[in-house]
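Novice: Got a file for you: start.pdb, PDB, C-alpha atoms.
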MODEL        1
ATOM      1  CA  MET A 109       9.779  -1.548  16.508
ATOM      2  CA  THR A 110       8.442   1.131  14.163
ATOM      3  CA  LYS A 111       4.781   1.725  13.403
ATOM      4  CA  GLU A 112       5.231   0.234   9.928
ATOM      5  CA  GLU A 113       6.947  -2.880  11.312
ATOM      6  CA  PHE A 114       4.169  -3.322  13.867
ATOM      7  CA  LEU A 115       1.452  -3.029  11.228
ATOM      8  CA  GLU A 116       3.247  -5.488   8.930
ATOM      9  CA  ALA A 117       3.766  -8.028  11.729
ATOM     10  CA  HIS A 118       0.414  -7.820  13.494
ATOM     11  CA  ILE A 119      -2.219  -6.275  11.212
ATOM     12  CA  PHE A 120      -1.192  -6.937   7.589
ATOM     13  CA  GLN A 121       0.419 -10.375   8.011
ATOM     14  CA  GLY A 122      -0.912 -12.921   5.517
ATOM     15  CA  LEU A 123      -3.041 -10.377   3.651
ATOM     16  CA  ASP A 124      -2.571  -9.239   0.045
ATOM     17  CA  ASN A 125      -1.573  -5.627  -0.577
ATOM     18  CA  ILE A 126      -3.432  -4.937  -3.823
ATOM     19  CA  ASN A 127      -2.123  -1.407  -4.339
ATOM     20  CA  ASP A 128      -1.211  -1.621  -8.010
ATOM     21  CA  GLY A 129      -0.077   1.989  -8.260
ATOM     22  CA  PHE A 130      -3.396   3.845  -7.999
ATOM     23  CA  ASP A 131      -2.405   5.197  -4.568
ATOM     24  CA  ILE A 132       0.845   6.237  -2.886
ATOM     25  CA  GLU A 133       3.419   3.463  -3.242
ATOM     26  CA  ASN A 134       3.869   2.631   0.454
ATOM     27  CA  THR A 135       0.127   2.670   1.213
ATOM     28  CA  HIS A 136      -1.363  -0.761   1.784
ATOM     29  CA  CYS A 137      -4.645  -1.455   0.054
ATOM     30  CA  PHE A 138      -6.886  -4.437   0.677
ATOM     31  CA  SER A 139      -9.862  -6.229  -0.788
ATOM     32  CA  GLU A 140     -13.131  -5.984   1.108
ATOM     33  CA  SER A 141     -12.634  -9.367   2.785
ATOM     34  CA  ASP A 142      -9.009  -8.658   3.734
ATOM     35  CA  PHE A 143      -9.966  -5.227   5.065
ATOM     36  CA  ASN A 144     -12.550  -6.906   7.275
ATOM     37  CA  THR A 145      -9.651  -8.925   8.732
ATOM     38  CA  VAL A 146      -7.658  -5.699   9.171
ATOM     39  CA  ILE A 147     -10.561  -4.242  11.155
ATOM     40  CA  GLU A 148     -10.855  -7.343  13.351
ATOM     41  CA  ARG A 149      -7.122  -7.336  14.129
ATOM     42  CA  THR A 150      -7.093  -3.595  14.708
ATOM     43  CA  GLU A 151      -9.882  -3.817  17.258
ATOM     44  CA  LYS A 152      -8.357  -6.824  19.031
ATOM     45  CA  LEU A 153      -4.943  -5.165  19.452
ATOM     46  CA  GLY A 154      -6.186  -1.679  20.329
ATOM     47  CA  VAL A 155      -4.775  -0.015  17.222
ATOM     48  CA  GLY A 156      -6.648   3.066  16.065
ATOM     49  CA  ILE A 157      -7.841   4.067  12.618
ATOM     50  CA  TYR A 158      -7.885   7.768  11.760
ATOM     51  CA  ALA A 159      -9.295   7.429   8.236
ATOM     52  CA  ILE A 160     -10.746   4.895   5.808
ATOM     53  CA  ALA A 161     -10.624   5.540   2.065
ATOM     54  CA  PRO A 162     -12.372   3.137  -0.324
ATOM     55  CA  TRP A 163     -11.507   2.967  -4.012
ATOM     56  CA  HIS A 164     -13.713   1.834  -6.887
ATOM     57  CA  ASP A 165     -12.543   1.503 -10.492
ATOM     58  CA  GLY A 166      -9.309   3.313  -9.611
ATOM     59  CA  LYS A 167     -11.094   6.350  -8.175
ATOM     60  CA  LEU A 168     -11.485   7.464  -4.590
ATOM     61  CA  PHE A 169     -15.049   6.649  -3.537
ATOM     62  CA  GLY A 170     -15.046   8.973  -0.546
ATOM     63  CA  ALA A 171     -13.416   8.888   2.844
ATOM     64  CA  LYS A 172     -14.426   8.865   6.474
ATOM     65  CA  VAL A 173     -12.394   9.963   9.480
ATOM     66  CA  ASN A 174     -12.926   9.294  13.159
ATOM     67  CA  GLU A 175     -13.869  12.952  13.717
ATOM     68  CA  ASP A 176     -16.874  12.507  11.396
ATOM     69  CA  TYR A 177     -18.269  10.232  14.099
ATOM     70  CA  ARG A 178     -16.931  12.235  17.069
ATOM     71  CA  LYS A 179     -15.028   9.171  18.241
ATOM     72  CA  LYS A 180     -11.428   8.444  19.177
ATOM     73  CA  ALA A 181      -9.344   6.646  16.562
ATOM     74  CA  THR A 182      -9.267   3.579  18.824
ATOM     75  CA  ASP A 183     -13.072   3.379  19.130
ATOM     76  CA  ALA A 184     -14.004   0.456  16.875
ATOM     77  CA  ARG A 185     -17.612   1.633  16.603
ATOM     78  CA  TRP A 186     -16.706   4.423  14.197
ATOM     79  CA  TYR A 187     -14.576   2.439  11.766
ATOM     80  CA  LYS A 188     -16.915  -0.564  11.740
ATOM     81  CA  THR A 189     -19.876   1.722  11.027
ATOM     82  CA  ALA A 190     -17.982   3.513   8.244
ATOM     83  CA  PHE A 191     -16.791   0.263   6.661
ATOM     84  CA  PHE A 192     -20.273  -1.276   6.635
ATOM     85  CA  ALA A 193     -21.754   1.935   5.204
ATOM     86  CA  PHE A 194     -19.233   1.879   2.355
ATOM     87  CA  LYS A 195     -19.950  -1.809   1.695
ATOM     88  CA  ARG A 196     -23.687  -1.104   1.462
ATOM     89  CA  LYS A 197     -23.098   1.646  -1.105
ATOM     90  CA  GLN A 198     -20.761  -0.331  -3.359
ATOM     91  CA  GLU A 199     -19.511  -3.919  -3.298
ATOM     92  CA  LYS A 200     -15.986  -5.150  -3.980
ATOM     93  CA  MET A 201     -14.115  -1.935  -3.358
ATOM     94  CA  LYS A 202     -10.469  -1.643  -2.351
ATOM     95  CA  TYR A 203      -9.730  -0.097   1.043
ATOM     96  CA  THR A 204      -6.890   1.924   2.527
ATOM     97  CA  ALA A 205      -6.619   3.325   6.028
ATOM     98  CA  THR A 206      -4.484   5.561   8.198
ATOM     99  CA  PHE A 207      -3.580   3.929  11.490
ATOM    100  CA  ARG A 208      -2.705   5.051  15.011
ATOM    101  CA  VAL A 209      -0.278   2.846  16.924
ATOM    102  CA  SER A 210       0.579   4.129  20.396
ATOM    103  CA  GLU A 211       4.134   4.161  21.735
ATOM    104  CA  ALA A 212       3.019   1.833  24.539
ATOM    105  CA  LEU A 213       1.740  -0.674  21.994
ATOM    106  CA  LEU A 214       4.983  -0.481  20.013
ATOM    107  CA  LYS A 215       6.985  -1.289  23.148
ATOM    108  CA  LYS A 216       4.710  -4.122  24.245
ATOM    109  CA  GLN A 217       5.564  -7.655  23.126
ATOM    110  CA  ILE A 218       2.505  -9.173  21.469
ATOM    111  CA  SER A 219       2.175 -12.902  21.022
ATOM    112  CA  LYS A 220       0.425 -14.039  17.870
TER     113      LYS A 220
ENDMDL
END
The structure in this file should be written as structure tokens.
Specialist:
Amino acid sequence: MTKEEFLEAHIFQGLDNINDGFDIENTHCFSESDFNTVIERTEKLGVGIYAIAPWHDGKLFGAKVNEDYRKKATDARWYKTAFFAFKRKQEKMKYTATFRVSEALLKKQISK
């Protein structure tokens, strides 16, 4: 299983990709509520997030990376803190992220 297949099957399943062309074509983008689900699933499965980039009115609103918080990509504290900080600054943004999926996780069979 590839990283993209894993993300589609276990993280993005049932969520709406709302990337309407404002970002790179193969980048998934989610509403605030769907991105909250992405974060919950990411934490549960042990997937990491390297970066979160929110968009507002078609423009990048800023970005945060795990190194900004001196945390590993798999440490949920950093990406939850960043997400909530973005939500406090501006409501109803669109969110993209860069994920880390370990080889061990790709090889492991995960039941839904």
Novice: Go through A:Met109, A:Ala190, A:Ala184, A:Val146 one by one, measure the shortest atom-to-atom distance of each to Ile160 of chain A using all atoms listed in the file, and give the residue with the smallest value.
Specialist: A:Ala190
Novice: Leaving out segment 191-204 of chain A and any residue of its chain fewer than 2 positions from it, which residues lie within 7 Å of it when counting all atoms listed in the file, given as a PyMOL selection string?
Specialist: chain A and resi 136-140+143+160-164+187-189
Novice: Which residues, named as in the file, does the PyMOL selection byres ((chain A and resi 154) around 9) pick out? Answer as an MDAnalysis selection string.
Specialist: chainID A and resid 149:153 155:156 182:184 209:210 213
Novice: Could you check the closest approach to Tyr158 of chain A for each of A:Asn134, A:Asn174, A:Gln121, A:Asn127 and tell me which residue wins, using only C-alpha atoms?
Specialist: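 Nearest to Tyr158 of chain A: A:Asn174.
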Novice: Once the PyMOL selection byres ((chain A and resi 172) around 6) has been applied to the shown file, what residues remain in the selection, as a list of chain:residue names?
Specialist: A:Ala159, A:Ile160, A:Ala171, A:Val173
Novice: Can you write out the residues you just picked, keeping C-alpha atoms, as a PDB file, in the frame of the given file?
Specialist:
ATOM      1  CA  ALA A 159      -9.295   7.429   8.236  1.00  0.00           C
ATOM      2  CA  ILE A 160     -10.746   4.895   5.808  1.00  0.00           C
ATOM      3  CA  ALA A 171     -13.416   8.888   2.844  1.00  0.00           C
ATOM      4  CA  VAL A 173     -12.394   9.963   9.480  1.00  0.00           C
TER       5      VAL A 173
END
Novice: Which is closer to Thr135 of chain A than all the others in A:Ala205, A:Ile157, A:Ala212, A:Leu123, using all atoms listed in the file?
Specialist: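 Of the candidates, the smallest distance to Thr135 of chain A is held by A:Ala205.
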Novice: May I ask for the distance between atom CA of Phe169 of chain A and atom CA of Asp142 of chain A, given in Å to one decimal place?
Specialist: 18.0 Å
Novice: Could you give me segment 147-173 of chain A completed to N, CA and C atoms, formatted as a PDB file, in the frame of the given file?
Specialist:
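Once everything was written out, this is out.pdb:
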ATOM      1  N   ILE A 147      -9.720  -4.852  10.119  1.00  0.00           N
ATOM      2  CA  ILE A 147     -10.561  -4.242  11.155  1.00  0.00           C
ATOM      3  C   ILE A 147     -10.632  -5.134  12.402  1.00  0.00           C
ATOM      4  N   GLU A 148     -10.798  -6.423  12.206  1.00  0.00           N
ATOM      5  CA  GLU A 148     -10.855  -7.343  13.351  1.00  0.00           C
ATOM      6  C   GLU A 148      -9.559  -7.311  14.150  1.00  0.00           C
ATOM      7  N   ARG A 149      -8.424  -7.355  13.455  1.00  0.00           N
ATOM      8  CA  ARG A 149      -7.122  -7.336  14.129  1.00  0.00           C
ATOM      9  C   ARG A 149      -6.873  -5.995  14.810  1.00  0.00           C
ATOM     10  N   THR A 150      -7.268  -4.933  14.153  1.00  0.00           N
ATOM     11  CA  THR A 150      -7.093  -3.595  14.708  1.00  0.00           C
ATOM     12  C   THR A 150      -7.837  -3.463  16.029  1.00  0.00           C
ATOM     13  N   GLU A 151      -9.079  -3.898  16.033  1.00  0.00           N
ATOM     14  CA  GLU A 151      -9.882  -3.817  17.258  1.00  0.00           C
ATOM     15  C   GLU A 151      -9.282  -4.680  18.366  1.00  0.00           C
ATOM     16  N   LYS A 152      -8.898  -5.886  18.036  1.00  0.00           N
ATOM     17  CA  LYS A 152      -8.357  -6.824  19.031  1.00  0.00           C
ATOM     18  C   LYS A 152      -7.096  -6.279  19.699  1.00  0.00           C
ATOM     19  N   LEU A 153      -6.227  -5.632  18.924  1.00  0.00           N
ATOM     20  CA  LEU A 153      -4.943  -5.165  19.452  1.00  0.00           C
ATOM     21  C   LEU A 153      -4.990  -3.749  20.018  1.00  0.00           C
ATOM     22  N   GLY A 154      -6.090  -3.037  19.816  1.00  0.00           N
ATOM     23  CA  GLY A 154      -6.186  -1.679  20.329  1.00  0.00           C
ATOM     24  C   GLY A 154      -5.513  -0.635  19.458  1.00  0.00           C
ATOM     25  N   VAL A 155      -5.314  -0.969  18.195  1.00  0.00           N
ATOM     26  CA  VAL A 155      -4.775  -0.015  17.222  1.00  0.00           C
ATOM     27  C   VAL A 155      -5.917   0.898  16.798  1.00  0.00           C
ATOM     28  N   GLY A 156      -5.620   2.143  16.513  1.00  0.00           N
ATOM     29  CA  GLY A 156      -6.648   3.066  16.065  1.00  0.00           C
ATOM     30  C   GLY A 156      -6.632   3.242  14.558  1.00  0.00           C
ATOM     31  N   ILE A 157      -7.746   3.698  14.033  1.00  0.00           N
ATOM     32  CA  ILE A 157      -7.841   4.067  12.618  1.00  0.00           C
ATOM     33  C   ILE A 157      -8.317   5.510  12.564  1.00  0.00           C
ATOM     34  N   TYR A 158      -7.515   6.362  11.924  1.00  0.00           N
ATOM     35  CA  TYR A 158      -7.885   7.768  11.760  1.00  0.00           C
ATOM     36  C   TYR A 158      -8.803   7.974  10.560  1.00  0.00           C
ATOM     37  N   ALA A 159      -8.539   7.215   9.477  1.00  0.00           N
ATOM     38  CA  ALA A 159      -9.295   7.429   8.236  1.00  0.00           C
ATOM     39  C   ALA A 159      -9.407   6.131   7.450  1.00  0.00           C
ATOM     40  N   ILE A 160     -10.525   5.998   6.746  1.00  0.00           N
ATOM     41  CA  ILE A 160     -10.746   4.895   5.808  1.00  0.00           C
ATOM     42  C   ILE A 160     -11.074   5.520   4.460  1.00  0.00           C
ATOM     43  N   ALA A 161     -10.382   5.034   3.416  1.00  0.00           N
ATOM     44  CA  ALA A 161     -10.624   5.540   2.065  1.00  0.00           C
ATOM     45  C   ALA A 161     -10.867   4.358   1.129  1.00  0.00           C
ATOM     46  N   PRO A 162     -12.087   4.201   0.639  1.00  0.00           N
ATOM     47  CA  PRO A 162     -12.372   3.137  -0.324  1.00  0.00           C
ATOM     48  C   PRO A 162     -12.133   3.621  -1.759  1.00  0.00           C
ATOM     49  N   TRP A 163     -11.761   2.682  -2.605  1.00  0.00           N
ATOM     50  CA  TRP A 163     -11.507   2.967  -4.012  1.00  0.00           C
ATOM     51  C   TRP A 163     -12.373   2.049  -4.863  1.00  0.00           C
ATOM     52  N   HIS A 164     -12.906   2.617  -5.954  1.00  0.00           N
ATOM     53  CA  HIS A 164     -13.713   1.834  -6.887  1.00  0.00           C
ATOM     54  C   HIS A 164     -13.322   2.237  -8.302  1.00  0.00           C
ATOM     55  N   ASP A 165     -12.982   1.257  -9.109  1.00  0.00           N
ATOM     56  CA  ASP A 165     -12.543   1.503 -10.492  1.00  0.00           C
ATOM     57  C   ASP A 165     -11.415   2.528 -10.556  1.00  0.00           C
ATOM     58  N   GLY A 166     -10.475   2.438  -9.610  1.00  0.00           N
ATOM     59  CA  GLY A 166      -9.309   3.313  -9.611  1.00  0.00           C
ATOM     60  C   GLY A 166      -9.556   4.727  -9.134  1.00  0.00           C
ATOM     61  N   LYS A 167     -10.758   5.002  -8.644  1.00  0.00           N
ATOM     62  CA  LYS A 167     -11.094   6.350  -8.175  1.00  0.00           C
ATOM     63  C   LYS A 167     -11.493   6.302  -6.707  1.00  0.00           C
ATOM     64  N   LEU A 168     -11.108   7.347  -5.991  1.00  0.00           N
ATOM     65  CA  LEU A 168     -11.485   7.464  -4.590  1.00  0.00           C
ATOM     66  C   LEU A 168     -12.998   7.560  -4.490  1.00  0.00           C
ATOM     67  N   PHE A 169     -13.598   6.728  -3.667  1.00  0.00           N
ATOM     68  CA  PHE A 169     -15.049   6.649  -3.537  1.00  0.00           C
ATOM     69  C   PHE A 169     -15.567   7.516  -2.393  1.00  0.00           C
ATOM     70  N   GLY A 170     -14.691   8.187  -1.721  1.00  0.00           N
ATOM     71  CA  GLY A 170     -15.046   8.973  -0.546  1.00  0.00           C
ATOM     72  C   GLY A 170     -14.104   8.592   0.569  1.00  0.00           C
ATOM     73  N   ALA A 171     -14.248   9.223   1.685  1.00  0.00           N
ATOM     74  CA  ALA A 171     -13.416   8.888   2.844  1.00  0.00           C
ATOM     75  C   ALA A 171     -14.176   9.258   4.104  1.00  0.00           C
ATOM     76  N   LYS A 172     -13.864   8.565   5.156  1.00  0.00           N
ATOM     77  CA  LYS A 172     -14.426   8.865   6.474  1.00  0.00           C
ATOM     78  C   LYS A 172     -13.277   8.923   7.465  1.00  0.00           C
ATOM     79  N   VAL A 173     -13.389   9.840   8.419  1.00  0.00           N
ATOM     80  CA  VAL A 173     -12.394   9.963   9.480  1.00  0.00           C
ATOM     81  C   VAL A 173     -13.092   9.835  10.826  1.00  0.00           C
TER      82      VAL A 173
END
